[in-house]
Structure formats: structure tokens, C-alpha cells
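Undergrad: The structure follows.
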Amino acid sequence: MRLSRRDLLKGAAVAGAATALAAEAEAREPVPGRPDALGMLFDSTLCVGCRACQTACKAANDLPADAVAAGGGVYDAPSDLNATTKNVIKSFGDGGARHQYMKQQCMHCVDPSCVSVCMMGALHKEGEGKRLLDFEQKNGSGVVLYDKGLCVGCRYCQIGCAFNVPKFEWNDALPRIVKCELCRHRGDPRKTGPLAVANPACCEVCPRGAIVFGRREELLAKARARLAGDPGRYNPRIFGETDGGGTQVLYLTAAGVSFQDLGLPSLPEESSAHFSETVSHAPYLHGVTPVALYAAMAFVISRNKKKEGEGQ
Ligand code: SF4
Ligand code: SF4
Ligand code: SF4
């Protein structure tokens, strides 16, 4: 397509408005982590790739196998998250000393963009938002939950997620979004406090203790203790402590291998939700046209997509 000078000038004007909106992004306060937030710590140096967690996740969530026929047998062998896979173990490396297995599932972000972009409130953090169930008033786990009854299938959450987590049931007549909810359904909502969430199936079955369930603060302390106890073993940083505004699922990985080499995106400390929500509010403050808003949102989306690409 050929662009005229006028088109370029128009584009520059829109970009300028979007930049002004982006500058406004500092106005929205960052969301702090909840003291009672629940999450998981995955230590890739302990994982042996047995995939027992994958199988347990499917059983706990009543999801069918991704059948792959090989060597006369049929195996449940998903290579990525999909509409029947909420948890996947991926393999990185050449089988040598630096070979690593990585677990991927919803990160239960501290300030999740999937929640931010969902106009129906179909995604929310447990204990936050306007549509709280009674027991949630007491349970502030921060787990990102999904309510199919409120979802209209717009799939904005898929675009907004920097970790490429939410999947859509394309083959279902009444499709829904599929993602890990930290096995919240295994808990007892009649209990109070974070322990109303049971030990997730993946953590329960791991024979190596590579995935640990608990409060985020305790998991961070555990991760720091491991780093201090054996600094030569680990990448010196905990992924998720600040990345993308922080996540409730945290990663420790081996020394000499970057997070991006293991499929994790490179994210700023500011969450995408923090950025995009302030941008979306700016037009009402300054009377800027929706075109500028769309340009700004396109920027956010392309930023996420670029990061997703860098992380592969
Ligand atoms: S990883 Fe994606 S789906 Fe999960 S909470 Fe974060 S933004 Fe939402
Ligand atoms: S917490 Fe539950 S749903 Fe999430 S990955 Fe683990 S087993 Fe699967
Ligand atoms: S069960 Fe544990 S050791 Fe096995 S693949 Fe999952 S995280 Fe790794």
C-alpha cells in the first residue's frame, strides 16, 4: 500500500496524541501485591520433565488428552497451552548440561492485563472487583478466576496477556476461555482465608518438589534462600518478582541461561494494565478522539506481541 504525504502527517498527528496519552500513563497508581496472595514457585533446576504435573492437571480439571500417535502407542503430548491444556512442560536445549524443562500456565499476575481488558468482568482476581462471591470477601488469594457466564467471547484477554496464556475453545459450540485457576475448584469455599484454596494438582504430584504452592511472600523468601544458599546453581534473579508488575507464579532457573532462552518474555516493571488503563482514561480527561485511543492501544498490543516473539 502506498502512503501519501497527507496520510503520513495524519499518522504523525495520531502518534503524537498517542504519545501524549502514553505520557499520561504514570497517573494510574501501580497495583501492590496482596500480602495474602497465593501462587507457585517453579524451580527449573529440579524439574526432570516427567510431565506428571501435566497429567495431574488434566485429571484435576477434567480435560481430555491431546492424543498423539507414535511408535504404535497413543500419548497425551501437548506441545503448548491449548483449549484442553492448562499446564504444559516445555523442553529447551540440546539435551546437554544446560538442558532445561519449563512449566507454563497462567502466571496469576499481580496486576493482570487480562482482567484489565475484560469489559464484562468475566476475569477477576479472587477477593477484588465488584462481583465478589460471599466467601471471597474473606479470601483475598489474588488468583485470577474466570466466569464463563459473564464471558462474551471477545478474546481481548488473549491479546492483552503478555504470557500468551488464555486459550479459546474454537471447536465448541459454546466456547469459553481456558486457563489455569490455580486449582481453585479443589478448595472449599466454606472455609475462610487463603487455605480455602487446596494444594494444586500439579504441586501435589511433582516427585521432585520442583513446584511449590504457597503465599507469594513465603515463596519469594524461599526463592531468595535458595539463591543465597547455592548462588552458582541459579540465574541470580527471581522471574516474577517485578516482571510485568509482578506475578504470583515465580520462577528460578539455572545459571547461564536467560529467562528469554526459556520462553519467558522480557517485561518492564510496570504492568501493561497500569499503562493501558491510564491511556484509556486520558481521552476523557483531555477530549482526545477515540482514533488516538485506538492508536495507543495498538501500541500496547504490538508491544505485548513483540515481547511474546522475543520470548520464543
Ligand atoms: S498470565 Fe495472562 S491470563 Fe494469567 S493473569 Fe497474567 S495476564 Fe491474565
Ligand atoms: S494449579 Fe491446577 S490448573 Fe493450574 S497448572 Fe497446576 S494443576 Fe493445572
Ligand atoms: S511433575 Fe515436577 S519434575 Fe515432573 S515435569 Fe512437572 S514440574 Fe517437572
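As shown in the C-alpha cells, the chain order sets the letters A, B, ...; within each chain, residues go from 1, and ligands are also counted from 1 in the order they appear.
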Please report as CSV every residue of chain A lying within 7 Å of ligand 1, along with the nearest atom pair and their distance in Å (one decimal), using only C-alpha atoms and all ligand atoms.

TA:
residue,atom,partner,partner_atom_place_in_ligand_line,distance
A:Cys106,CA,ligand 1,4 (Fe),3.9
A:Met107,CA,ligand 1,1 (S),4.1
A:His108,CA,ligand 1,5 (S),3.9
A:Cys109,CA,ligand 1,6 (Fe),4.2
A:Pro112,CA,ligand 1,7 (S),4.4
A:Ser113,CA,ligand 1,7 (S),4.7
A:Cys114,CA,ligand 1,8 (Fe),4.3
A:Val115,CA,ligand 1,8 (Fe),6.4
A:Val144,CA,ligand 1,5 (S),5.5
A:Cys157,CA,ligand 1,3 (S),6.9
A:Gly160,CA,ligand 1,7 (S),6.6
A:Cys161,CA,ligand 1,7 (S),4.1
A:Ala162,CA,ligand 1,2 (Fe),6.2
A:Phe163,CA,ligand 1,1 (S),5.2
A:Asn164,CA,ligand 1,2 (Fe),6.4
A:Val165,CA,ligand 1,3 (S),5.1
A:Pro166,CA,ligand 1,3 (S),5.2
A:Lys179,CA,ligand 1,3 (S),6.8

Undergrad: For ligand 2, list the contacting residues at 7 Å or closer, counting only C-alpha atoms and all ligand atoms, as number ranges by chain.

TA: A: 53, 56-58, 60-61, 86-87, 105, 180-183, 200-203

Undergrad: Using only C-alpha atoms, which residues sit within 7 Å of Gly140 in chain A once same-chain residues fewer than 6 positions away are excluded, as a list in words?

TA: Asp36, Ala37, Glu126, Gly127 and Pro194 of chain A

Undergrad: Kindly compile the residues surrounding ligand 3 within 7 Å, counting only C-alpha atoms and all ligand atoms, and format them as number ranges by chain.

TA: A: 46-54, 89, 101, 103, 202, 205-211

Undergrad: Taking the backbone alone, and naming residues the way the document does, which bits of range 161-190 of chain A are strand (DSSP E) by DSSP, as a list in words?

TA: Lys167, Phe168, Ile177 and Val178 of chain A

Undergrad: Distance CA of Ser272 in chain A-CA of Gly244 in chain A, one decimal place?

TA: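 For CA of Ser272 in chain A relative to CA of Gly244 in chain A, the distance reads 6.8 Å.
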
Undergrad: Have a look at CA of Ser258 in chain A and CA of Asn235 in chain A and let me know their distance in Å, one decimal.

TA: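 Straight-line distance from CA of Ser258 in chain A to CA of Asn235 in chain A works out to 7.4 Å.
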
Undergrad: Separation of CA of Val257 in chain A and CA of Lys90 in chain A, in Å?

TA: 14.9 Å

Undergrad: Gly240 in chain A: which residues within 9 Å, counting only C-alpha atoms, same-chain residues fewer than 4 positions away excluded, as a list in words?

TA: Met107, Cys109, Gly244, Gly245, Gly246, Thr247, Gln248, Val249, Leu250 and Tyr251 of chain A
